[in-house]
file protein-v5.csv (CSV, C-alpha atoms)
chain,number,residue,atom,x,y,z
A,103,MET,CA,-117.2,25.7,231.3
A,104,TYR,CA,-115.0,28.7,232.0
A,105,GLY,CA,-115.3,28.1,235.7
A,106,ASP,CA,-114.3,24.5,235.4
A,107,MET,CA,-111.1,25.5,233.4
A,108,MET,CA,-110.2,28.0,236.1
A,109,VAL,CA,-110.6,25.4,238.8
A,110,LEU,CA,-108.5,22.9,236.8
A,111,LEU,CA,-105.8,25.6,236.2
A,112,GLY,CA,-105.7,26.4,239.9
A,113,ALA,CA,-105.4,22.7,240.7
A,114,VAL,CA,-102.5,22.4,238.3
A,115,MET,CA,-100.7,25.4,239.8
A,116,ILE,CA,-101.2,24.0,243.3
A,117,LEU,CA,-99.9,20.7,242.2
A,118,ALA,CA,-96.9,22.3,240.5
A,119,SER,CA,-96.2,24.4,243.6
A,120,VAL,CA,-96.4,21.3,245.8
A,121,CYS,CA,-94.1,19.3,243.5
A,122,GLY,CA,-91.7,22.3,243.4
A,123,SER,CA,-91.7,22.6,247.1
A,124,ALA,CA,-91.2,18.9,247.5
A,125,PHE,CA,-88.2,19.1,245.1
A,126,VAL,CA,-86.7,22.0,247.1
A,127,ILE,CA,-87.3,20.2,250.4
A,128,ARG,CA,-85.5,17.1,249.0
A,129,ARG,CA,-82.7,19.2,247.7
A,130,VAL,CA,-82.3,21.0,251.0
A,131,LYS,CA,-82.4,17.8,253.0
A,132,LYS,CA,-79.8,16.3,250.7
A,133,GLN,CA,-77.5,19.4,251.2
A,134,ILE,CA,-78.0,19.3,255.0
A,135,ALA,CA,-77.0,15.6,254.9
A,136,GLU,CA,-73.9,16.5,252.9
A,137,MET,CA,-73.1,19.3,255.4
A,138,ALA,CA,-73.5,16.8,258.3
A,139,GLU,CA,-71.2,14.3,256.5
A,140,ALA,CA,-68.7,17.1,255.8
A,141,LEU,CA,-68.7,18.2,259.4
A,142,GLU,CA,-68.2,14.6,260.6
A,143,ASP,CA,-65.3,14.3,258.2
A,144,VAL,CA,-63.7,17.5,259.5
A,145,LYS,CA,-64.3,16.2,263.1
A,146,ASN,CA,-62.3,13.1,262.1
A,147,GLY,CA,-59.3,15.3,261.0
A,148,ASN,CA,-60.0,16.1,257.3
A,149,GLY,CA,-59.6,19.9,257.4
A,150,ASN,CA,-59.5,20.1,253.5
A,151,ARG,CA,-63.2,19.2,253.2
A,152,ARG,CA,-65.5,21.9,251.7
A,153,ILE,CA,-69.3,22.1,251.1
A,154,LEU,CA,-70.3,23.0,247.5
A,155,SER,CA,-73.3,25.1,247.0
A,156,GLU,CA,-74.5,27.5,244.2
A,157,THR,CA,-75.2,31.1,245.2
A,158,HIS,CA,-79.0,30.8,244.4
A,159,GLU,CA,-79.6,27.8,246.6
A,160,LEU,CA,-81.3,28.3,250.0
A,161,THR,CA,-78.5,26.6,251.9
A,162,ALA,CA,-75.8,28.7,250.2
A,163,PRO,CA,-75.3,31.2,253.1
A,164,LEU,CA,-75.1,28.4,255.6
A,165,ALA,CA,-72.7,26.5,253.4
A,166,TYR,CA,-70.4,29.5,253.1
A,167,VAL,CA,-70.4,30.1,256.8
A,168,ILE,CA,-69.5,26.5,257.5
A,169,ASN,CA,-66.7,26.6,254.9
A,170,ASP,CA,-65.3,29.7,256.7
A,171,ILE,CA,-65.5,27.9,260.0
A,172,ILE,CA,-63.7,24.9,258.5
A,173,LEU,CA,-61.0,27.1,257.0
A,174,SER,CA,-60.5,28.9,260.4
A,175,TYR,CA,-60.3,25.5,262.1
A,176,GLU,CA,-57.8,24.3,259.5
A,177,ASN,CA,-55.6,27.4,260.0
A,178,ARG,CA,-55.7,27.1,263.8
A,179,LEU,CA,-54.9,23.4,263.6
A,180,SER,CA,-51.9,24.1,261.3
A,181,ALA,CA,-50.7,26.8,263.7
A,182,TYR,CA,-51.1,24.3,266.6
A,183,HIS,CA,-49.0,21.7,264.7
A,184,ARG,CA,-46.3,24.4,263.9
A,185,THR,CA,-46.2,25.4,267.6
A,186,GLU,CA,-45.9,21.7,268.6
A,187,GLU,CA,-43.0,21.2,266.2
A,188,THR,CA,-41.4,24.4,267.4
A,189,ASN,CA,-41.7,23.3,271.0
A,190,ARG,CA,-40.3,19.9,270.1
A,191,GLN,CA,-37.3,21.5,268.4
A,192,LEU,CA,-36.9,23.9,271.3
A,193,MET,CA,-36.8,21.0,273.8
A,194,THR,CA,-34.2,19.2,271.7
A,195,SER,CA,-32.2,22.4,271.5
A,196,LEU,CA,-32.6,23.0,275.2
A,197,SER,CA,-31.4,19.5,276.0
A,198,HIS,CA,-28.2,20.1,274.0
A,199,ASP,CA,-27.6,23.7,274.7
A,200,VAL,CA,-28.2,23.6,278.5
A,201,ARG,CA,-27.0,20.1,279.5
A,202,THR,CA,-23.7,20.2,277.5
A,203,PRO,CA,-22.3,23.5,279.0
A,204,LEU,CA,-23.7,22.6,282.4
A,205,THR,CA,-21.9,19.3,282.4
A,206,THR,CA,-18.7,21.0,281.3
A,207,LEU,CA,-19.2,23.7,283.9
A,208,ILE,CA,-19.5,21.1,286.6
A,209,GLY,CA,-16.4,19.3,285.3
A,210,TYR,CA,-14.3,22.4,285.6
A,211,LEU,CA,-15.6,23.2,289.1
A,212,ASP,CA,-15.1,19.6,290.3
A,213,ALA,CA,-11.6,19.6,289.1
A,214,ALA,CA,-10.8,22.9,291.0
A,215,HIS,CA,-12.7,21.8,294.1
A,216,LYS,CA,-11.1,18.3,294.3
A,217,GLY,CA,-7.6,19.7,293.8
A,218,ILE,CA,-7.0,17.9,290.5
A,219,VAL,CA,-5.6,21.2,289.2
A,220,ALA,CA,-3.6,23.7,291.2
A,221,GLY,CA,-2.0,27.1,291.0
A,222,LYS,CA,-2.4,29.0,287.8
A,223,GLU,CA,-4.2,26.1,286.1
A,224,ARG,CA,-6.8,26.1,288.8
A,225,GLU,CA,-7.4,29.8,288.3
A,226,GLU,CA,-7.8,29.2,284.6
A,227,TYR,CA,-10.4,26.4,285.3
A,228,ILE,CA,-12.4,28.7,287.6
A,229,GLU,CA,-12.3,31.5,285.0
A,230,THR,CA,-13.5,29.1,282.3
A,231,ALA,CA,-16.3,27.9,284.6
A,232,ARG,CA,-17.3,31.6,285.2
A,233,ARG,CA,-17.5,32.3,281.5
A,234,LYS,CA,-19.6,29.2,280.8
A,235,ALA,CA,-21.9,30.1,283.7
A,236,TYR,CA,-22.5,33.5,282.1
A,237,ASP,CA,-23.1,31.9,278.7
A,238,LEU,CA,-25.7,29.6,280.4
A,239,LYS,CA,-27.4,32.5,282.1
A,240,GLU,CA,-27.6,34.3,278.7
A,241,TYR,CA,-29.2,31.3,277.1
A,242,ILE,CA,-31.7,30.9,280.0
A,243,ASP,CA,-32.6,34.7,279.7
A,244,VAL,CA,-33.4,34.2,276.0
A,245,LEU,CA,-35.6,31.2,276.8
A,246,PHE,CA,-37.4,33.2,279.5
A,247,ASP,CA,-38.1,36.0,277.0
A,248,TRP,CA,-39.3,33.5,274.4
A,249,PHE,CA,-41.8,31.8,276.8
A,250,ARG,CA,-42.9,35.2,278.2
A,251,LEU,CA,-43.7,36.5,274.7
A,252,GLY,CA,-45.8,33.5,274.0
A,253,SER,CA,-47.7,33.8,277.3
A,254,ASP,CA,-51.3,35.2,277.4
A,255,GLU,CA,-50.3,37.2,280.4
A,256,PHE,CA,-47.6,39.1,278.5
A,257,THR,CA,-48.1,42.8,278.6
A,258,MET,CA,-46.1,45.8,277.6
A,259,ASN,CA,-45.7,49.2,279.4
A,260,ILE,CA,-46.1,51.5,276.4
A,261,ILE,CA,-45.1,55.0,277.4
A,262,THR,CA,-43.6,58.1,275.6
A,263,VAL,CA,-39.8,58.1,276.1
A,264,ASP,CA,-36.8,60.1,274.8
A,265,LEU,CA,-35.3,57.5,272.5
A,266,THR,CA,-32.1,59.5,272.1
A,267,GLU,CA,-31.3,59.4,275.8
A,268,LEU,CA,-32.4,55.8,276.2
A,269,THR,CA,-30.3,54.6,273.3
A,270,ARG,CA,-27.2,56.5,274.5
A,271,ASN,CA,-27.4,55.0,278.0
A,272,LEU,CA,-27.9,51.5,276.7
A,273,PHE,CA,-24.9,51.8,274.3
A,274,ILE,CA,-22.7,53.3,277.0
A,275,ASP,CA,-23.4,50.2,279.2
A,276,TRP,CA,-21.9,48.0,276.4
A,277,ILE,CA,-18.6,50.0,276.2
A,278,PRO,CA,-16.7,47.8,278.7
A,279,VAL,CA,-17.8,44.7,276.8
A,280,PHE,CA,-16.6,46.2,273.5
A,281,GLU,CA,-13.2,47.0,275.1
A,282,ASP,CA,-12.9,43.6,276.6
A,283,ALA,CA,-13.7,42.0,273.2
A,284,GLN,CA,-11.2,44.5,271.6
A,285,MET,CA,-13.9,45.8,269.3
A,286,GLU,CA,-14.0,49.3,268.0
A,287,PHE,CA,-17.2,51.2,268.5
A,288,ALA,CA,-18.7,54.4,267.2
A,289,ALA,CA,-22.0,56.2,268.0
A,290,ASP,CA,-23.8,58.9,266.0
A,291,ILE,CA,-26.5,59.9,268.4
A,292,PRO,CA,-27.7,63.5,268.1
A,293,GLU,CA,-28.4,65.8,271.0
A,294,ARG,CA,-31.9,66.5,269.8
A,295,ARG,CA,-34.7,64.6,271.6
A,296,PHE,CA,-36.7,62.0,269.7
A,297,ARG,CA,-39.9,61.1,271.5
A,298,VAL,CA,-41.3,57.7,270.8
A,299,LYS,CA,-44.1,55.5,272.3
A,300,LEU,CA,-42.7,52.1,273.3
A,301,ASP,CA,-41.9,49.8,276.2
A,302,PRO,CA,-38.5,50.8,277.6
A,303,ASP,CA,-37.7,47.3,278.9
A,304,GLY,CA,-38.7,45.8,275.5
A,305,TYR,CA,-36.5,48.3,273.6
A,306,ARG,CA,-33.6,47.5,276.0
A,307,ARG,CA,-34.0,43.8,275.2
A,308,ILE,CA,-34.1,44.6,271.4
A,309,LEU,CA,-30.9,46.6,271.4
A,310,ASN,CA,-29.1,44.2,273.8
A,311,ASN,CA,-30.0,41.2,271.7
A,312,LEU,CA,-28.8,42.9,268.5
A,313,VAL,CA,-25.5,44.1,270.1
A,314,GLN,CA,-25.0,40.6,271.6
A,315,ASN,CA,-25.7,39.1,268.2
A,316,VAL,CA,-22.9,41.2,266.7
A,317,ILE,CA,-20.4,40.3,269.4
A,318,SER,CA,-21.2,36.6,269.4
A,319,HIS,CA,-21.7,35.9,265.7
A,320,SER,CA,-20.3,38.6,263.4
A,321,HIS,CA,-16.6,37.9,264.0
A,322,GLY,CA,-16.3,41.7,263.3
A,323,SER,CA,-13.9,44.2,264.8
A,324,ARG,CA,-16.2,47.2,264.7
A,325,ILE,CA,-19.7,48.1,265.7
A,326,GLU,CA,-21.6,51.3,264.9
A,327,ILE,CA,-24.9,52.8,266.0
A,328,ALA,CA,-26.7,55.8,264.6
A,329,LEU,CA,-30.0,57.6,265.0
A,330,LEU,CA,-31.6,59.6,262.3
A,331,GLU,CA,-35.1,61.1,261.5
A,332,GLN,CA,-36.8,60.1,258.3
A,333,GLY,CA,-40.4,60.8,257.2
A,334,GLY,CA,-42.0,61.0,260.7
A,335,THR,CA,-40.0,58.0,262.0
A,336,ILE,CA,-36.8,57.5,263.9
A,337,LYS,CA,-34.3,55.1,262.4
A,338,ILE,CA,-31.8,53.2,264.6
A,339,ARG,CA,-29.0,51.8,262.5
A,340,LEU,CA,-26.7,49.1,263.9
A,341,ALA,CA,-23.9,48.0,261.7
A,342,ASP,CA,-20.8,45.7,262.0
A,343,ASN,CA,-17.9,44.9,259.7
A,344,GLY,CA,-18.1,41.1,260.3
A,345,VAL,CA,-18.4,38.1,258.0
A,346,GLY,CA,-21.9,39.0,256.9
A,347,ILE,CA,-24.8,36.8,256.2
A,348,ASP,CA,-25.5,34.8,253.0
A,349,LYS,CA,-28.5,36.0,250.9
A,350,GLU,CA,-30.4,32.8,251.5
A,351,ASP,CA,-29.9,32.9,255.3
A,352,LEU,CA,-30.8,36.6,255.4
A,353,LYS,CA,-34.4,35.7,254.4
A,354,HIS,CA,-34.9,33.6,257.5
A,355,ILE,CA,-32.9,35.3,260.3
A,356,PHE,CA,-36.0,36.5,262.1
A,357,GLU,CA,-37.6,33.1,262.2
A,358,ARG,CA,-37.6,31.2,265.5
A,359,LEU,CA,-34.9,28.5,265.9
A,360,TYR,CA,-33.2,29.5,262.7
A,361,LYS,CA,-29.4,29.4,262.8
A,362,CYS,CA,-27.1,30.4,259.9
A,363,ASP,CA,-24.9,27.5,258.8
A,364,LYS,CA,-22.0,29.3,257.2
A,365,GLY,CA,-19.6,31.9,258.7
A,366,ARG,CA,-21.5,32.1,262.0
A,367,SER,CA,-20.7,30.9,265.5
A,368,GLU,CA,-22.5,27.7,266.6
A,369,LYS,CA,-23.2,29.4,269.9
A,370,GLY,CA,-26.8,30.6,270.3
A,371,SER,CA,-30.3,29.4,270.7
A,372,GLY,CA,-31.7,30.6,267.3
A,373,LEU,CA,-34.3,32.6,269.3
A,374,GLY,CA,-32.6,36.0,269.9
A,375,LEU,CA,-33.5,37.7,266.6
A,376,SER,CA,-37.0,36.1,266.6
A,377,ILE,CA,-37.5,37.7,270.0
A,378,VAL,CA,-36.3,41.0,268.6
A,379,HIS,CA,-38.7,40.8,265.7
A,380,GLN,CA,-41.7,40.0,267.9
A,381,LEU,CA,-40.9,42.9,270.3
A,382,VAL,CA,-40.5,45.4,267.5
A,383,ILE,CA,-43.8,44.4,265.9
A,384,LYS,CA,-45.6,44.6,269.3
A,385,MET,CA,-44.3,48.2,269.6
A,386,ASN,CA,-45.6,49.2,266.2
A,387,GLY,CA,-42.1,49.3,264.7
A,388,THR,CA,-40.3,47.6,261.8
A,389,ILE,CA,-36.9,45.9,261.5
A,390,SER,CA,-34.9,44.8,258.5
A,391,ALA,CA,-31.4,43.6,257.8
A,392,GLU,CA,-29.0,44.0,254.9
A,393,SER,CA,-25.7,42.2,254.5
A,394,VAL,CA,-22.8,41.6,252.1
A,395,PRO,CA,-20.9,38.4,252.9
A,396,GLY,CA,-17.4,39.4,253.9
A,397,SER,CA,-18.3,43.0,254.5
A,398,GLY,CA,-20.7,43.1,257.4
A,399,THR,CA,-24.3,43.4,258.3
A,400,VAL,CA,-26.7,46.4,259.0
A,401,PHE,CA,-29.8,46.1,261.1
A,402,MET,CA,-32.3,48.9,260.7
A,403,LEU,CA,-35.0,49.6,263.3
A,404,SER,CA,-37.8,52.1,262.8
A,405,PHE,CA,-40.4,53.6,265.2
A,406,PRO,CA,-43.0,56.3,264.6
A,407,LEU,CA,-42.2,59.6,266.2
A,408,VAL,CA,-44.6,61.2,268.6
A,409,GLN,CA,-45.8,64.5,267.0
A,410,GLU,CA,-45.2,67.4,269.2
A,411,LYS,CA,-48.2,69.6,269.8
A,412,LEU,CA,-47.8,73.3,268.9
A,413,GLN,CA,-48.1,75.7,271.9
A,414,GLY,CA,-50.5,78.6,271.8
call {"tool": "encode", "arguments": {"input": "protein-v5.csv", "output": "structure tokens"}}
result
Amino acid sequence: MYGDMMVLLGAVMILASVCGSAFVIRRVKKQIAEMAEALEDVKNGNGNRRILSETHELTAPLAYVINDIILSYENRLSAYHRTEETNRQLMTSLSHDVRTPLTTLIGYLDAAHKGIVAGKEREEYIETARRKAYDLKEYIDVLFDWFRLGSDEFTMNIITVDLTELTRNLFIDWIPVFEDAQMEFAADIPERRFRVKLDPDGYRRILNNLVQNVISHSHGSRIEIALLEQGGTIKIRLADNGVGIDKEDLKHIFERLYKCDKGRSEKGSGLGLSIVHQLVIKMNGTISAESVPGSGTVFMLSFPLVQEKLQG
């Protein structure tokens, strides 16, 4: 009797186990089907699809991994769409900002070449054409930097440099431009060496872009540059006394293709400060801007100092 009961109990347990296994198998098959459906949905463009699974279920780890993959796919797709939109805007800007001055440039040169203007007026036409040619070159240089930064082949030559000497030489090169623009200038660059790891050409582009931004857009009459040490970093302060930047515009000045609407010149690609920001980040630095409308703007760069090793 007792033996029969044990056999029956064993049979019941086996049956229960089989039923439980069958239930689990059906549940897993259903979840796998849901995963396949979700993946097909994502394949068709629905990046918001997610797979639901409770933590105790067998398929939970797989569901979480798939959700992570879908999220990564969605983020990459969004980034791709943003890049496409940026490229579209860039091409529209390129069409206007290159074709228009180029057409004007050709018009001035044709007038001088064909003898439509003569004497002093001809000289003025040639001088205007020369200035517009330089403006066009400046714009193309900015475009080249922009595309170069986005290239997979872009590399930087990071070396240890004396930032004091490098900054002084770069600023000296701008003095004739300041004088031609009738802009006062002042430099507070100490004699002490500040050693920093960065790419010299990249730093040159950063400083040149910032100075050119002041000359082209600030409508100011004075520019100042200063270097100071602070907490293991070197600060480069570039200030002007121009029209300043509105608070709302200030939030976006380092975004690509952003142009301030008020109190700023229409000249420019909207890429210069974005290029500056990218180069600074790539060289392990930071950049910020402060401005008071009507009183001027201050750009502040910061790079870590190379710690000098003690001798002996």
call {"tool": "atom_distance", "arguments": {"input": "protein-v5.csv", "atom1": "CA of Leu407 in chain A", "atom2": "CA of Leu329 in chain A"}}
result
12.4 Å
call {"tool": "residues_around", "arguments": {"input": "protein-v5.csv", "residues": "range 219-235 of chain A", "least_positions_apart": "5", "cutoff": "9 Å", "atoms": "all atoms listed in the file", "output": "PyMOL selection string"}}
result
chain A and resi 203-204+206-211+213-214+240
call {"tool": "residues_around", "arguments": {"input": "protein-v5.csv", "residues": "Val400 in chain A", "least_positions_apart": "2", "cutoff": "9 Å", "atoms": "only C-alpha atoms", "output": "list in words"}}
result
Arg339, Leu340, Ala341, Asp342, Asn343, Ser390, Ala391, Glu392, Ser393, Gly398 and Met402 of chain A
call {"tool": "atom_distance", "arguments": {"input": "protein-v5.csv", "atom1": "CA of Ala328 in chain A", "atom2": "CA of Asp290 in chain A"}}
result
4.5 Å
call {"tool": "closest_residue", "arguments": {"input": "protein-v5.csv", "among": "A:Leu330, A:Ala283, A:Leu373, A:Val394", "to": "Gly346 in chain A", "atoms": "all atoms listed in the file"}}
result
A:Val394
